[in-house]
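A.B. asks: One structure is given below, represented as structure tokens, and several questions about it will come after.
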Amino acid sequence: MLTQKESLPIPTWLAILRLLRWDKPAGRLILMIPALWGVFVAGGGMPPLPLVAAMILGTLATSAAGCVVNDLWDRDIDPQVERTRNRPLASRTLSIQVGVIVALVAMSCAGVLALYLNPFTFWLCVAAVPVIIFYPSAKRVFPIPQLILSIAWGFAILISWSAVTGTLESATWLLWGATILWTLGFDTVYAMSDREDDQKIGINSSAIFFGSYAPLAVGIFFLGSAALLGELGVVMKLHLGFWLSLSLAMMGWSWQYTRLRQSDIPKPVYGAIFRENVWIGFILLAGMISGLVY
């Protein structure tokens with residue numbers, strides 16, 4: 001006999017929340033972090049609050065749209081992957097039509113927010129759209145699709161920085177590079193939990209590309225991110241608070257690398273490391289603000 005949980009259908013509103021991944025805040029916050037890095041560093045630690053609000057709301061809308069687009073692309077692949085088989089489009093809880101409508105609404109919200117920004121930043125937002133839309137297809141043709149995701153994440157730096165200054169500077173590219181490498185690191189970890197399923201299906205990921213060297217690759221990505229953040233600290237003349245936060249971040253990344261080198265890692269560990277990077281990102285944000293203000 002079916003239990004009540006098994007027999008009752010999931011309400012549409014709850015399925016839409018799951019489609020948007022709002023039941024899993026880590027993935028939403030980890031995109032918000034680079035946008036906040038950019039807006040606070042470019043704003044000298046005290047950017048206009050309406051602009052900060054626009055960045056927060058914009059990343060929520062953009063990440064929501066990206067999740068829906070990803071699930072539309074992967075609706076026939078996700079049922080074959082243990083981690084994703086219960087997603088609303090994969091399980092057919094929601095129809096393709098509903099998915100398309102939700103994606104358009106999320107993109108429209110992001111577009112309205114982009115109108116608040118200066119013309120240069122607005123066109124950067126427009127340039128990011130193809131990357132967001134076509135990233136999910138990269139795993140079918142590109143050996144390291146996580147690089148495309150990293151470029152999408154990098155747009156958060158370019159958009160937020162230019163929203164404050166109206167331009168891009170040499171320091172912008174240091175923060176952009178640090179974000180690219182950081183994203184490559186944590187998303188490779190995320191992909192490591194799906195390696196067996198991805199290989200069976202025949203799709204690509206950085207975890208498969210690097211194979212047994214994946215933990216080393218992650219360590220190098222995190223080290224490169226730390227080096228670029230250190231260079232940013234020198235260029236921007238950031239104070240003690242930033243260097244303390246960078247030291248804490250490096251300790252966290254080192255601990256993650258140590259765990260990844262162990263054999264027979266339980267799959268939940270990969271998700272835990274991914275979520276830990278949310279905390280690392282916010283620690284770095286606090287350090288950037290204090291390093292600029294105090």
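By convention in this document, the chains of the structure tokens carry letters A, B, ... by their order, each chain's residues are numbered from 1, and ligands are numbered from 1 in the order they are shown.
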For segment 213-218 of chain A, list every protein, DNA or RNA residue within 7 Å, evaluated using only C-alpha atoms, and leave out those in the same chain fewer than 2 positions away; present the list as a VMD selection string.

C.D. replies: chain A and resid 185 188 207 210 to 211 220 to 222 257 260 to 261

A.B. asks: Those same residues - N, CA and C atoms - I'd like them written as a short mmCIF file (atom, residue, chain, number, x, y, z; two decimals), in the first residue's frame.

C.D. replies:
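This went into part-v5.cif:
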data_model
loop_
_atom_site.label_atom_id
_atom_site.label_comp_id
_atom_site.auth_asym_id
_atom_site.auth_seq_id
_atom_site.Cartn_x
_atom_site.Cartn_y
_atom_site.Cartn_z
N GLY A 185 37.22 24.99 -9.97
CA GLY A 185 37.53 24.10 -8.86
C GLY A 185 36.29 23.50 -8.23
N THR A 188 34.18 21.30 -10.65
CA THR A 188 34.79 20.00 -10.92
C THR A 188 34.52 19.04 -9.76
N ALA A 207 35.58 16.44 -14.48
CA ALA A 207 35.95 15.32 -13.62
C ALA A 207 36.37 14.11 -14.44
N PHE A 210 39.86 15.04 -16.44
CA PHE A 210 41.08 14.97 -15.65
C PHE A 210 41.28 13.59 -15.01
N GLY A 211 40.22 12.78 -14.96
CA GLY A 211 40.33 11.42 -14.47
C GLY A 211 40.89 11.35 -13.06
N ILE A 220 45.03 22.83 -8.05
CA ILE A 220 45.70 23.86 -8.86
C ILE A 220 44.76 25.03 -9.14
N PHE A 221 43.50 24.72 -9.42
CA PHE A 221 42.53 25.80 -9.66
C PHE A 221 42.38 26.68 -8.42
N PHE A 222 42.25 26.06 -7.27
CA PHE A 222 42.11 26.84 -6.03
C PHE A 222 43.38 27.64 -5.74
N TYR A 257 41.21 19.85 -0.60
CA TYR A 257 42.12 19.10 -1.46
C TYR A 257 42.59 17.82 -0.76
N LEU A 260 39.84 15.29 -0.98
CA LEU A 260 39.63 14.79 -2.34
C LEU A 260 40.69 13.75 -2.74
N ARG A 261 41.83 13.80 -2.13
CA ARG A 261 42.90 12.85 -2.46
C ARG A 261 42.69 11.48 -1.83
#

A.B. asks: Which value, in Å to one decimal, gives the distance between atom CA of Tyr270 of chain A and atom CA of Met192 of chain A?

C.D. replies: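 Spanning atom CA of Tyr270 of chain A to atom CA of Met192 of chain A is a straight-line distance of 7.0 Å.
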
A.B. asks: List as a PDB file with N, CA and C atoms, in the first residue's frame the protein and nucleic acid residues near segment 109-119 of chain A, meaning an atom at most 6 Å away when only C-alpha atoms are counted, but skip any in the same chain fewer than 2 places from it.

C.D. replies:
ATOM      1  N   GLY A  58      19.308  40.367  -9.329  1.00  0.00           N
ATOM      2  CA  GLY A  58      19.701  39.941 -10.671  1.00  0.00           C
ATOM      3  C   GLY A  58      20.314  38.559 -10.703  1.00  0.00           C
ATOM      4  N   ALA A  61      17.521  35.965 -10.197  1.00  0.00           N
ATOM      5  CA  ALA A  61      16.740  35.751 -11.418  1.00  0.00           C
ATOM      6  C   ALA A  61      17.557  35.011 -12.472  1.00  0.00           C
ATOM      7  N   THR A  62      18.829  35.389 -12.622  1.00  0.00           N
ATOM      8  CA  THR A  62      19.674  34.774 -13.645  1.00  0.00           C
ATOM      9  C   THR A  62      19.960  33.318 -13.341  1.00  0.00           C
ATOM     10  N   ALA A 106      11.736  34.273 -15.612  1.00  0.00           N
ATOM     11  CA  ALA A 106      12.978  34.556 -14.881  1.00  0.00           C
ATOM     12  C   ALA A 106      13.900  35.457 -15.696  1.00  0.00           C
ATOM     13  N   MET A 107      14.028  35.165 -16.992  1.00  0.00           N
ATOM     14  CA  MET A 107      14.873  36.002 -17.851  1.00  0.00           C
ATOM     15  C   MET A 107      14.304  37.415 -17.968  1.00  0.00           C
ATOM     16  N   THR A 121      27.126  48.188 -19.068  1.00  0.00           N
ATOM     17  CA  THR A 121      26.815  47.019 -18.248  1.00  0.00           C
ATOM     18  C   THR A 121      25.611  46.272 -18.809  1.00  0.00           C
ATOM     19  N   PHE A 122      24.640  47.015 -19.307  1.00  0.00           N
ATOM     20  CA  PHE A 122      23.466  46.377 -19.903  1.00  0.00           C
ATOM     21  C   PHE A 122      23.885  45.453 -21.038  1.00  0.00           C
TER      22      PHE A 122
END

A.B. asks: Among segment 30-131 of chain A, which residues does DSSP mark as alpha helix (DSSP H) when it is run on the backbone? Keep the chain and numbering as in the structure and answer as a PyMOL selection string.

C.D. replies: chain A and resi 30-42+49-73+96-114+119-131

A.B. asks: Give me a file of those residues, with C-alpha atoms, as a PDB file, in the first residue's frame.

C.D. replies:
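Heads up, here's the output in out_33.pdb:
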ATOM      1  CA  ILE A  30      27.495  30.785  -4.955  1.00  0.00           C
ATOM      2  CA  LEU A  31      26.563  32.809  -8.067  1.00  0.00           C
ATOM      3  CA  MET A  32      25.664  35.809  -5.933  1.00  0.00           C
ATOM      4  CA  ILE A  33      29.130  35.836  -4.353  1.00  0.00           C
ATOM      5  CA  PRO A  34      31.151  36.962  -7.425  1.00  0.00           C
ATOM      6  CA  ALA A  35      28.559  39.665  -8.133  1.00  0.00           C
ATOM      7  CA  LEU A  36      28.977  40.933  -4.570  1.00  0.00           C
ATOM      8  CA  TRP A  37      32.769  40.689  -4.828  1.00  0.00           C
ATOM      9  CA  GLY A  38      32.700  42.879  -7.918  1.00  0.00           C
ATOM     10  CA  VAL A  39      30.257  45.497  -6.705  1.00  0.00           C
ATOM     11  CA  PHE A  40      31.933  45.934  -3.299  1.00  0.00           C
ATOM     12  CA  VAL A  41      35.524  45.982  -4.549  1.00  0.00           C
ATOM     13  CA  ALA A  42      34.703  48.381  -7.387  1.00  0.00           C
ATOM     14  CA  LEU A  49      22.775  50.082  -1.688  1.00  0.00           C
ATOM     15  CA  PRO A  50      20.263  50.123  -4.601  1.00  0.00           C
ATOM     16  CA  LEU A  51      23.008  48.764  -6.840  1.00  0.00           C
ATOM     17  CA  VAL A  52      23.799  46.007  -4.328  1.00  0.00           C
ATOM     18  CA  ALA A  53      20.105  45.107  -4.245  1.00  0.00           C
ATOM     19  CA  ALA A  54      20.017  45.018  -8.060  1.00  0.00           C
ATOM     20  CA  MET A  55      22.989  42.622  -8.077  1.00  0.00           C
ATOM     21  CA  ILE A  56      21.371  40.331  -5.513  1.00  0.00           C
ATOM     22  CA  LEU A  57      18.021  40.222  -7.286  1.00  0.00           C
ATOM     23  CA  GLY A  58      19.701  39.941 -10.671  1.00  0.00           C
ATOM     24  CA  THR A  59      21.763  36.924  -9.682  1.00  0.00           C
ATOM     25  CA  LEU A  60      18.692  35.239  -8.193  1.00  0.00           C
ATOM     26  CA  ALA A  61      16.740  35.751 -11.418  1.00  0.00           C
ATOM     27  CA  THR A  62      19.674  34.774 -13.645  1.00  0.00           C
ATOM     28  CA  SER A  63      20.562  31.650 -11.716  1.00  0.00           C
ATOM     29  CA  ALA A  64      16.898  30.638 -11.684  1.00  0.00           C
ATOM     30  CA  ALA A  65      16.701  31.049 -15.455  1.00  0.00           C
ATOM     31  CA  GLY A  66      19.947  29.125 -15.881  1.00  0.00           C
ATOM     32  CA  CYS A  67      18.648  26.207 -13.810  1.00  0.00           C
ATOM     33  CA  VAL A  68      15.465  25.963 -15.857  1.00  0.00           C
ATOM     34  CA  VAL A  69      17.332  26.186 -19.168  1.00  0.00           C
ATOM     35  CA  ASN A  70      19.728  23.497 -17.931  1.00  0.00           C
ATOM     36  CA  ASP A  71      16.831  21.193 -17.028  1.00  0.00           C
ATOM     37  CA  LEU A  72      15.133  21.788 -20.377  1.00  0.00           C
ATOM     38  CA  TRP A  73      18.304  20.758 -22.197  1.00  0.00           C
ATOM     39  CA  ILE A  96       8.169  21.400 -21.126  1.00  0.00           C
ATOM     40  CA  GLN A  97       5.713  24.239 -21.706  1.00  0.00           C
ATOM     41  CA  VAL A  98       5.728  25.148 -18.013  1.00  0.00           C
ATOM     42  CA  GLY A  99       9.524  25.014 -17.997  1.00  0.00           C
ATOM     43  CA  VAL A 100       9.753  27.376 -20.977  1.00  0.00           C
ATOM     44  CA  ILE A 101       7.300  29.821 -19.382  1.00  0.00           C
ATOM     45  CA  VAL A 102       9.187  29.815 -16.071  1.00  0.00           C
ATOM     46  CA  ALA A 103      12.497  30.378 -17.891  1.00  0.00           C
ATOM     47  CA  LEU A 104      11.051  33.310 -19.840  1.00  0.00           C
ATOM     48  CA  VAL A 105       9.626  34.882 -16.678  1.00  0.00           C
ATOM     49  CA  ALA A 106      12.978  34.556 -14.881  1.00  0.00           C
ATOM     50  CA  MET A 107      14.873  36.002 -17.851  1.00  0.00           C
ATOM     51  CA  SER A 108      12.356  38.847 -18.116  1.00  0.00           C
ATOM     52  CA  CYS A 109      12.906  39.687 -14.438  1.00  0.00           C
ATOM     53  CA  ALA A 110      16.664  39.742 -14.989  1.00  0.00           C
ATOM     54  CA  GLY A 111      16.158  41.884 -18.094  1.00  0.00           C
ATOM     55  CA  VAL A 112      14.081  44.446 -16.234  1.00  0.00           C
ATOM     56  CA  LEU A 113      16.759  44.709 -13.567  1.00  0.00           C
ATOM     57  CA  ALA A 114      19.426  45.127 -16.263  1.00  0.00           C
ATOM     58  CA  PRO A 119      24.442  51.053 -21.099  1.00  0.00           C
ATOM     59  CA  PHE A 120      27.871  49.344 -21.062  1.00  0.00           C
ATOM     60  CA  THR A 121      26.815  47.019 -18.248  1.00  0.00           C
ATOM     61  CA  PHE A 122      23.466  46.377 -19.903  1.00  0.00           C
ATOM     62  CA  TRP A 123      25.198  45.068 -23.027  1.00  0.00           C
ATOM     63  CA  LEU A 124      27.454  42.895 -20.890  1.00  0.00           C
ATOM     64  CA  CYS A 125      24.252  41.375 -19.503  1.00  0.00           C
ATOM     65  CA  VAL A 126      23.066  40.758 -23.046  1.00  0.00           C
ATOM     66  CA  ALA A 127      26.402  39.140 -23.934  1.00  0.00           C
ATOM     67  CA  ALA A 128      26.032  36.743 -21.008  1.00  0.00           C
ATOM     68  CA  VAL A 129      22.684  35.402 -22.234  1.00  0.00           C
ATOM     69  CA  PRO A 130      24.038  33.057 -24.977  1.00  0.00           C
ATOM     70  CA  VAL A 131      26.537  31.584 -22.514  1.00  0.00           C
TER      71      VAL A 131
END

A.B. asks: Give me the residues within 9 Å of segment 242-255 of chain A as a ChimeraX atom specification, counting only C-alpha atoms and dropping any in the same chain fewer than 6 places off.

C.D. replies: /A:219,222-223,226,229-230,233,276-277,280-281,283-292

A.B. asks: Hey, what's within 9 Å of Thr179 of chain A if we count only C-alpha atoms and toss same-chain stuff fewer than 4 positions away? As a PyMOL selection string, please?

C.D. replies: chain A and resi 34+150-151+153-154+157+174-175+183-184+225

A.B. asks: Please write the residues from the selection above to a file, keeping C-alpha atoms, as a PDB file, in the first residue's frame.

C.D. replies:
ATOM      1  CA  PRO A  34      31.151  36.962  -7.425  1.00  0.00           C
ATOM      2  CA  SER A 150      33.066  29.387 -15.255  1.00  0.00           C
ATOM      3  CA  ILE A 151      32.868  31.957 -18.035  1.00  0.00           C
ATOM      4  CA  TRP A 153      30.181  32.962 -13.553  1.00  0.00           C
ATOM      5  CA  GLY A 154      32.884  35.397 -14.694  1.00  0.00           C
ATOM      6  CA  ILE A 157      32.334  40.096 -12.027  1.00  0.00           C
ATOM      7  CA  LEU A 174      42.365  39.777 -11.639  1.00  0.00           C
ATOM      8  CA  LEU A 175      39.065  39.241  -9.835  1.00  0.00           C
ATOM      9  CA  THR A 183      34.409  28.096 -10.252  1.00  0.00           C
ATOM     10  CA  LEU A 184      36.404  25.507 -12.194  1.00  0.00           C
ATOM     11  CA  SER A 225      42.470  31.604  -7.567  1.00  0.00           C
TER      12      SER A 225
END

A.B. asks: Thr167 of chain A: which residues within 10 Å, counting only C-alpha atoms, same-chain residues fewer than 2 positions away excluded, as a compact mmCIF listing (two decimals) with C-alpha atoms, in the first residue's frame?

C.D. replies:
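Final output, saved to selection_16.txt:
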# COMPACT_ATOMS: atom_id res chain seq x y z
CA ASN A 118 24.38 51.81 -17.33
CA PHE A 120 27.87 49.34 -21.06
CA THR A 121 26.81 47.02 -18.25
CA LEU A 158 32.31 42.08 -15.27
CA ILE A 159 28.68 43.12 -14.86
CA TRP A 161 32.21 45.92 -11.50
CA SER A 162 31.17 47.92 -14.55
CA ALA A 163 27.81 48.68 -12.92
CA VAL A 164 29.76 50.74 -10.36
CA THR A 165 32.50 52.29 -12.52
CA GLU A 169 40.08 47.94 -15.17
CA THR A 172 38.72 43.70 -12.71

A.B. asks: Under the rule that only C-alpha atoms are counted, which of A:Leu19, A:Leu147, A:Thr258, A:Val293 is the nearest residue to Gly177 of chain A?

C.D. replies: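 That would be A:Leu147, the residue with the smallest distance to Gly177 of chain A.
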